[in-house]
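Next up, work.pdb (PDB, C-alpha atoms):
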```pdb
ATOM      1  CA  MET A 213      43.835 111.197  41.414  1.00  0.00           C
ATOM      2  CA  PRO A 214      46.716 111.083  38.936  1.00  0.00           C
ATOM      3  CA  LEU A 215      47.620 107.542  37.929  1.00  0.00           C
ATOM      4  CA  THR A 216      50.306 105.846  35.949  1.00  0.00           C
ATOM      5  CA  LEU A 217      50.734 102.154  35.384  1.00  0.00           C
ATOM      6  CA  ASN A 218      54.249 100.791  35.450  1.00  0.00           C
ATOM      7  CA  ARG A 219      55.119  97.579  33.626  1.00  0.00           C
ATOM      8  CA  PRO A 220      55.424  94.360  35.638  1.00  0.00           C
ATOM      9  CA  ARG A 221      58.815  93.841  37.287  1.00  0.00           C
ATOM     10  CA  ARG A 222      59.202  90.470  35.553  1.00  0.00           C
ATOM     11  CA  ALA A 223      58.212  90.384  31.928  1.00  0.00           C
ATOM     12  CA  GLU A 224      58.090  86.653  31.214  1.00  0.00           C
ATOM     13  CA  ARG A 225      55.075  87.001  28.902  1.00  0.00           C
ATOM     14  CA  LEU A 226      56.063  90.263  27.213  1.00  0.00           C
ATOM     15  CA  SER A 227      57.700  90.210  23.816  1.00  0.00           C
ATOM     16  CA  ASP A 228      59.598  92.832  21.826  1.00  0.00           C
ATOM     17  CA  PRO A 229      56.395  94.081  20.151  1.00  0.00           C
ATOM     18  CA  ASP A 230      54.878  94.689  23.598  1.00  0.00           C
ATOM     19  CA  SER A 231      57.510  97.290  24.396  1.00  0.00           C
ATOM     20  CA  HIS A 232      57.670  98.870  20.935  1.00  0.00           C
ATOM     21  CA  PRO A 233      56.918 102.619  21.035  1.00  0.00           C
ATOM     22  CA  ALA A 234      54.025 102.153  18.605  1.00  0.00           C
ATOM     23  CA  ASN A 235      52.251 100.118  21.291  1.00  0.00           C
ATOM     24  CA  THR A 236      52.443 102.761  23.996  1.00  0.00           C
ATOM     25  CA  THR A 237      50.103 105.666  24.485  1.00  0.00           C
ATOM     26  CA  THR A 238      51.157 109.283  24.591  1.00  0.00           C
ATOM     27  CA  THR A 239      47.670 110.643  25.213  1.00  0.00           C
ATOM     28  CA  LEU A 240      47.026 110.402  28.913  1.00  0.00           C
ATOM     29  CA  PRO A 241      44.096 112.042  30.676  1.00  0.00           C
ATOM     30  CA  MET A 242      44.729 115.357  32.422  1.00  0.00           C
ATOM     31  CA  TRP A 243      44.944 113.692  35.840  1.00  0.00           C
ATOM     32  CA  ALA A 244      47.476 111.100  34.733  1.00  0.00           C
ATOM     33  CA  THR A 245      51.188 111.483  35.131  1.00  0.00           C
ATOM     34  CA  LEU A 246      54.322 109.874  33.851  1.00  0.00           C
ATOM     35  CA  SER A 247      56.363 111.061  36.820  1.00  0.00           C
ATOM     36  CA  ALA A 248      56.414 108.126  39.217  1.00  0.00           C
ATOM     37  CA  GLY A 249      58.492 108.888  42.276  1.00  0.00           C
ATOM     38  CA  THR A 250      57.595 112.589  42.351  1.00  0.00           C
ATOM     39  CA  PRO A 251      57.165 113.861  45.937  1.00  0.00           C
ATOM     40  CA  GLY A 252      53.542 113.608  47.094  1.00  0.00           C
ATOM     41  CA  TYR A 253      52.868 110.636  44.850  1.00  0.00           C
ATOM     42  CA  ARG A 254      52.156 107.230  46.280  1.00  0.00           C
ATOM     43  CA  GLU A 255      52.800 103.882  44.644  1.00  0.00           C
ATOM     44  CA  LEU A 256      50.198 101.167  45.023  1.00  0.00           C
ATOM     45  CA  ARG A 257      51.480  97.650  44.339  1.00  0.00           C
ATOM     46  CA  TYR A 258      49.288  94.797  43.237  1.00  0.00           C
ATOM     47  CA  PRO A 259      51.474  91.651  43.449  1.00  0.00           C
ATOM     48  CA  PHE A 260      50.812  88.574  41.341  1.00  0.00           C
ATOM     49  CA  ALA A 261      52.757  85.392  40.598  1.00  0.00           C
ATOM     50  CA  TRP A 262      54.162  86.900  37.364  1.00  0.00           C
ATOM     51  CA  GLY A 263      55.141  90.275  38.900  1.00  0.00           C
ATOM     52  CA  ASP A 264      53.563  93.462  40.191  1.00  0.00           C
ATOM     53  CA  PHE A 265      51.181  96.018  38.798  1.00  0.00           C
ATOM     54  CA  VAL A 266      52.425  99.353  40.158  1.00  0.00           C
ATOM     55  CA  VAL A 267      50.079 102.330  39.998  1.00  0.00           C
ATOM     56  CA  THR A 268      51.156 105.805  41.073  1.00  0.00           C
ATOM     57  CA  VAL A 269      48.437 107.998  42.586  1.00  0.00           C
ATOM     58  CA  VAL A 270      48.094 111.439  44.102  1.00  0.00           C
ATOM     59  CA  GLY A 271      45.446 111.604  46.777  1.00  0.00           C
ATOM     60  CA  GLU A 272      43.086 108.778  47.549  1.00  0.00           C
ATOM     61  CA  PRO A 273      42.729 105.948  45.041  1.00  0.00           C
ATOM     62  CA  ARG A 274      39.385 105.741  43.296  1.00  0.00           C
ATOM     63  CA  PRO A 275      37.122 103.083  44.862  1.00  0.00           C
ATOM     64  CA  TRP A 276      37.118 100.967  41.706  1.00  0.00           C
ATOM     65  CA  LEU A 277      40.911 100.847  41.350  1.00  0.00           C
ATOM     66  CA  THR A 278      41.830  97.937  43.632  1.00  0.00           C
ATOM     67  CA  PRO A 279      39.107  95.496  42.516  1.00  0.00           C
ATOM     68  CA  MET A 280      39.816  96.292  38.883  1.00  0.00           C
ATOM     69  CA  MET A 281      43.594  95.891  39.206  1.00  0.00           C
ATOM     70  CA  GLN A 282      43.124  92.588  41.015  1.00  0.00           C
ATOM     71  CA  ALA A 283      40.841  91.373  38.228  1.00  0.00           C
ATOM     72  CA  PHE A 284      43.335  92.365  35.519  1.00  0.00           C
ATOM     73  CA  GLY A 285      46.144  90.654  37.412  1.00  0.00           C
ATOM     74  CA  ALA A 286      44.109  87.468  37.691  1.00  0.00           C
ATOM     75  CA  LEU A 287      43.553  87.525  33.915  1.00  0.00           C
ATOM     76  CA  LEU A 288      47.300  87.633  33.314  1.00  0.00           C
ATOM     77  CA  GLU A 289      47.673  84.458  35.397  1.00  0.00           C
ATOM     78  CA  LEU A 290      45.457  82.462  33.019  1.00  0.00           C
ATOM     79  CA  ARG A 291      47.358  79.885  30.982  1.00  0.00           C
ATOM     80  CA  THR A 292      46.679  78.352  27.578  1.00  0.00           C
ATOM     81  CA  GLY A 293      43.446  76.358  27.728  1.00  0.00           C
ATOM     82  CA  TRP A 294      42.020  78.320  30.683  1.00  0.00           C
ATOM     83  CA  ASP A 295      38.507  77.759  29.301  1.00  0.00           C
ATOM     84  CA  ALA A 296      39.010  74.039  28.498  1.00  0.00           C
ATOM     85  CA  TYR A 297      38.811  74.863  24.758  1.00  0.00           C
ATOM     86  CA  GLY A 298      42.449  75.790  24.150  1.00  0.00           C
ATOM     87  CA  SER A 299      42.022  79.555  24.435  1.00  0.00           C
ATOM     88  CA  PRO A 300      45.297  81.479  24.549  1.00  0.00           C
ATOM     89  CA  PRO A 301      46.514  83.310  27.638  1.00  0.00           C
ATOM     90  CA  ILE A 302      45.508  86.950  27.957  1.00  0.00           C
ATOM     91  CA  GLN A 303      48.063  89.223  26.341  1.00  0.00           C
ATOM     92  CA  SER A 304      49.449  92.123  28.360  1.00  0.00           C
ATOM     93  CA  ALA A 305      48.919  94.522  25.438  1.00  0.00           C
ATOM     94  CA  TYR A 306      45.150  94.063  25.846  1.00  0.00           C
ATOM     95  CA  ILE A 307      45.398  94.865  29.553  1.00  0.00           C
ATOM     96  CA  GLU A 308      47.458  97.991  28.886  1.00  0.00           C
ATOM     97  CA  SER A 309      44.965  99.199  26.284  1.00  0.00           C
ATOM     98  CA  ALA A 310      42.020  98.518  28.589  1.00  0.00           C
ATOM     99  CA  LEU A 311      43.679 100.356  31.462  1.00  0.00           C
ATOM    100  CA  ALA A 312      44.423 103.389  29.284  1.00  0.00           C
ATOM    101  CA  VAL A 313      40.764 103.599  28.256  1.00  0.00           C
ATOM    102  CA  ILE A 314      39.432 102.993  31.764  1.00  0.00           C
ATOM    103  CA  PHE A 315      41.746 105.559  33.339  1.00  0.00           C
ATOM    104  CA  ALA A 316      40.592 108.084  30.711  1.00  0.00           C
ATOM    105  CA  VAL A 317      36.828 107.596  31.086  1.00  0.00           C
ATOM    106  CA  MET A 318      36.008 106.402  34.606  1.00  0.00           C
ATOM    107  CA  ARG A 319      35.006 108.767  37.362  1.00  0.00           C
ATOM    108  CA  ASP A 320      35.317 108.629  41.140  1.00  0.00           C
ATOM    109  CA  ASP A 321      31.673 107.563  41.455  1.00  0.00           C
ATOM    110  CA  THR A 322      31.738 104.908  38.729  1.00  0.00           C
ATOM    111  CA  PRO A 323      31.062 101.417  40.105  1.00  0.00           C
ATOM    112  CA  ALA A 324      33.809  98.855  39.636  1.00  0.00           C
ATOM    113  CA  PRO A 325      33.396  96.903  36.408  1.00  0.00           C
ATOM    114  CA  SER A 326      33.592  93.174  35.858  1.00  0.00           C
ATOM    115  CA  VAL A 327      36.722  92.283  33.927  1.00  0.00           C
ATOM    116  CA  VAL A 328      36.472  89.079  31.900  1.00  0.00           C
ATOM    117  CA  PRO A 329      38.748  87.258  29.455  1.00  0.00           C
ATOM    118  CA  THR A 330      37.739  86.595  25.874  1.00  0.00           C
ATOM    119  CA  SER A 331      38.410  83.311  24.120  1.00  0.00           C
ATOM    120  CA  ARG A 332      40.804  85.052  21.683  1.00  0.00           C
ATOM    121  CA  GLY A 333      43.159  86.218  24.449  1.00  0.00           C
ATOM    122  CA  GLY A 334      41.549  89.623  24.851  1.00  0.00           C
ATOM    123  CA  VAL A 335      39.640  91.478  27.531  1.00  0.00           C
ATOM    124  CA  GLN A 336      36.079  92.643  28.056  1.00  0.00           C
ATOM    125  CA  ILE A 337      35.028  95.174  30.672  1.00  0.00           C
ATOM    126  CA  GLU A 338      31.370  95.262  31.619  1.00  0.00           C
ATOM    127  CA  TRP A 339      28.774  96.723  33.926  1.00  0.00           C
ATOM    128  CA  HIS A 340      25.278  95.305  34.445  1.00  0.00           C
ATOM    129  CA  THR A 341      23.978  97.534  37.207  1.00  0.00           C
ATOM    130  CA  ARG A 342      21.829 100.578  37.932  1.00  0.00           C
ATOM    131  CA  GLY A 343      19.585  99.807  34.954  1.00  0.00           C
ATOM    132  CA  VAL A 344      22.519  99.985  32.539  1.00  0.00           C
ATOM    133  CA  ASP A 345      24.280  97.317  30.505  1.00  0.00           C
ATOM    134  CA  LEU A 346      27.643  98.589  29.247  1.00  0.00           C
ATOM    135  CA  GLU A 347      30.259  96.370  27.632  1.00  0.00           C
ATOM    136  CA  ILE A 348      33.645  97.284  26.174  1.00  0.00           C
ATOM    137  CA  GLU A 349      35.481  94.577  24.260  1.00  0.00           C
ATOM    138  CA  PHE A 350      39.103  94.899  23.245  1.00  0.00           C
ATOM    139  CA  GLU A 351      39.130  92.747  20.098  1.00  0.00           C
ATOM    140  CA  THR A 352      42.756  93.740  19.588  1.00  0.00           C
ATOM    141  CA  PRO A 353      44.735  96.237  21.667  1.00  0.00           C
ATOM    142  CA  PHE A 354      43.665  98.882  19.127  1.00  0.00           C
ATOM    143  CA  LEU A 355      40.185  97.698  18.072  1.00  0.00           C
ATOM    144  CA  ILE A 356      37.636  98.546  20.764  1.00  0.00           C
ATOM    145  CA  ARG A 357      33.935  97.845  20.425  1.00  0.00           C
ATOM    146  CA  GLY A 358      31.233  98.834  22.859  1.00  0.00           C
ATOM    147  CA  SER A 359      27.572  98.330  23.514  1.00  0.00           C
ATOM    148  CA  PHE A 360      25.274 100.294  25.801  1.00  0.00           C
ATOM    149  CA  GLU A 361      21.677  99.842  26.858  1.00  0.00           C
ATOM    150  CA  ASP A 362      19.844 102.037  29.339  1.00  0.00           C
ATOM    151  CA  HIS A 363      16.834 100.033  30.502  1.00  0.00           C
ATOM    152  CA  ARG A 364      15.196 103.117  32.036  1.00  0.00           C
ATOM    153  CA  THR A 365      15.232 105.278  28.907  1.00  0.00           C
ATOM    154  CA  GLY A 366      15.463 102.655  26.182  1.00  0.00           C
ATOM    155  CA  GLN A 367      18.563 104.305  24.707  1.00  0.00           C
ATOM    156  CA  SER A 368      21.042 101.844  23.194  1.00  0.00           C
ATOM    157  CA  TRP A 369      23.985 101.716  20.835  1.00  0.00           C
ATOM    158  CA  GLU A 370      26.728  99.465  19.504  1.00  0.00           C
ATOM    159  CA  LYS A 371      29.827 101.314  18.300  1.00  0.00           C
ATOM    160  CA  ASP A 372      33.433 101.123  17.339  1.00  0.00           C
ATOM    161  CA  LEU A 373      35.166 103.048  20.134  1.00  0.00           C
ATOM    162  CA  SER A 374      38.691 102.727  18.778  1.00  0.00           C
ATOM    163  CA  PHE A 375      39.116 106.395  17.869  1.00  0.00           C
ATOM    164  CA  ASP A 376      36.160 108.196  19.413  1.00  0.00           C
ATOM    165  CA  GLN A 377      35.173 107.439  22.979  1.00  0.00           C
ATOM    166  CA  ASN A 378      32.694 110.281  23.515  1.00  0.00           C
ATOM    167  CA  ALA A 379      29.758 107.845  23.589  1.00  0.00           C
ATOM    168  CA  LEU A 380      31.625 105.807  26.217  1.00  0.00           C
ATOM    169  CA  VAL A 381      32.257 108.915  28.348  1.00  0.00           C
ATOM    170  CA  GLN A 382      28.530 109.719  28.205  1.00  0.00           C
ATOM    171  CA  ALA A 383      27.568 106.127  29.055  1.00  0.00           C
ATOM    172  CA  ILE A 384      29.937 106.139  32.047  1.00  0.00           C
ATOM    173  CA  ALA A 385      28.335 109.423  33.189  1.00  0.00           C
ATOM    174  CA  VAL A 386      24.864 107.869  33.048  1.00  0.00           C
ATOM    175  CA  LEU A 387      26.062 104.781  34.898  1.00  0.00           C
ATOM    176  CA  SER A 388      27.935 106.807  37.533  1.00  0.00           C
ATOM    177  CA  GLN A 389      25.087 109.209  38.304  1.00  0.00           C
ATOM    178  CA  ARG A 390      22.495 106.487  38.820  1.00  0.00           C
ATOM    179  CA  THR A 391      21.524 105.244  42.234  1.00  0.00           C
TER     180      THR A 391
END
```
Here is the file; what I need is its structure written in the form of structure tokens.
Amino acid sequence: MPLTLNRPRRAERLSDPDSHPANTTTTLPMWATLSAGTPGYRELRYPFAWGDFVVTVVGEPRPWLTPMMQAFGALLELRTGWDAYGSPPIQSAYIESALAVIFAVMRDDTPAPSVVPTSRGGVQIEWHTRGVDLEIEFETPFLIRGSFEDHRTGQSWEKDLSFDQNALVQAIAVLSQRT
């Protein structure tokens, strides 16, 4: 299912650095496309108070797509102090980075993750299911840390995933294949 994420239609919370070319990815997975509007492609819209997430797909959307997009949209609606301790709102650059990673590593049979805000305005994606604990924290849009624990085999790791996501791909495979 090729996917592309289009920017929100209203960019009230985006700044000039958010749209700077250095903050956009040019390495999309094989099934991703930059050609929204191409015949045979379908746009899925996820509306929120601040605007829409628009995802272009070919074929059926992956089962995890809608719950994950709704969770990311809800994070963008959080305002300063959302945790009663003055935490900043979630920055769209974190969401874009998280989506790029997720679209690159998740499979059709991967369960939907939990998507949670961090107190620094970032995002954490996590799974605690099928005997696996997997967490991916976006400390900045470019600094990605992960932890994995397989309770059945005892395998575990904590890694910087910023430049090498092979361990994450393998962890997603383990998680996806489990019943």
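Distances from A:Tyr253, A:Tyr258, A:Phe375, A:Trp339 to A:Thr322 were compared using all atoms listed in the file, and the smallest one belongs to A:Trp339.
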Considering all atoms listed in the file, can you say which of A:Gly366, A:Pro279, A:Pro353, A:Pro259 comes closest to A:Ser309?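 Smallest separation from A:Ser309 among the options: A:Pro353.
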Please expand the PyMOL selection byres ((chain A and resi 319) around 8) into the concrete residues it hits in this file, giving the result as a list in words.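 That selection, the PyMOL selection byres ((chain A and resi 319) around 8), comes back as Arg274, Val317, Met318, Asp320, Asp321, Thr322, Ile384, Ala385 and Ser388 of chain A.
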Could you check the closest approach to A:Leu287 for each of A:Leu311, A:Ala316, A:Val335, A:Ala261 and tell me which residue wins, using only C-alpha atoms? A:Val335
Point out the residue among A:Ile302, A:Val269, A:Ile307, A:Ile348 with the least atom-to-atom distance to A:Arg332, counting only C-alpha atoms. A:Ile302
List, as an NGL selection string, every residue that the PyMOL selection byres ((chain A and resi 380) around 9) selects in the file provided. :A and (317 or 346 or 348 or 358-360 or 373 or 376-379 or 381-385)
Quick one: of A:Phe354, A:Val270, A:Glu361, A:Thr330, who's nearest to A:Asp295, counting only C-alpha atoms?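 Closest to A:Asp295, using only C-alpha atoms: A:Thr330.
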For A:Trp262, the nearest of the candidates A:Thr391, A:Ser304, A:Gln336, A:Gln367, counting all atoms listed in the file: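 Distance minimum relative to A:Trp262 lands on A:Ser304.
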Å distance separating atom CA of A:Trp276 from atom CA of A:Ile314, one decimal place: 10.4 Å
Would you list the contacts of A:Leu256 as a ChimeraX atom specification, taking every protein, DNA or RNA residue within 8 Å and counting all atoms listed in the file, but skipping same-chain residues closer than 5 positions in sequence? /A:266-269
Please evaluate the PyMOL selection byres ((chain A and resi 331) around 12) against the displayed coordinates and give the resulting residues as a PyMOL selection string. chain A and resi 287+290-303+328-330+332-336+349-351
Interatomic distance (Å, one decimal) between atom CA of A:Thr341 and atom CA of A:His363: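 Between these atoms lies a distance of 10.1 Å.
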So the first atom is atom CA of A:Glu308 and the second is atom CA of A:Phe284; what is the distance between them in Å, to one decimal place?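 That distance, rounded to one decimal, is 9.6 Å.
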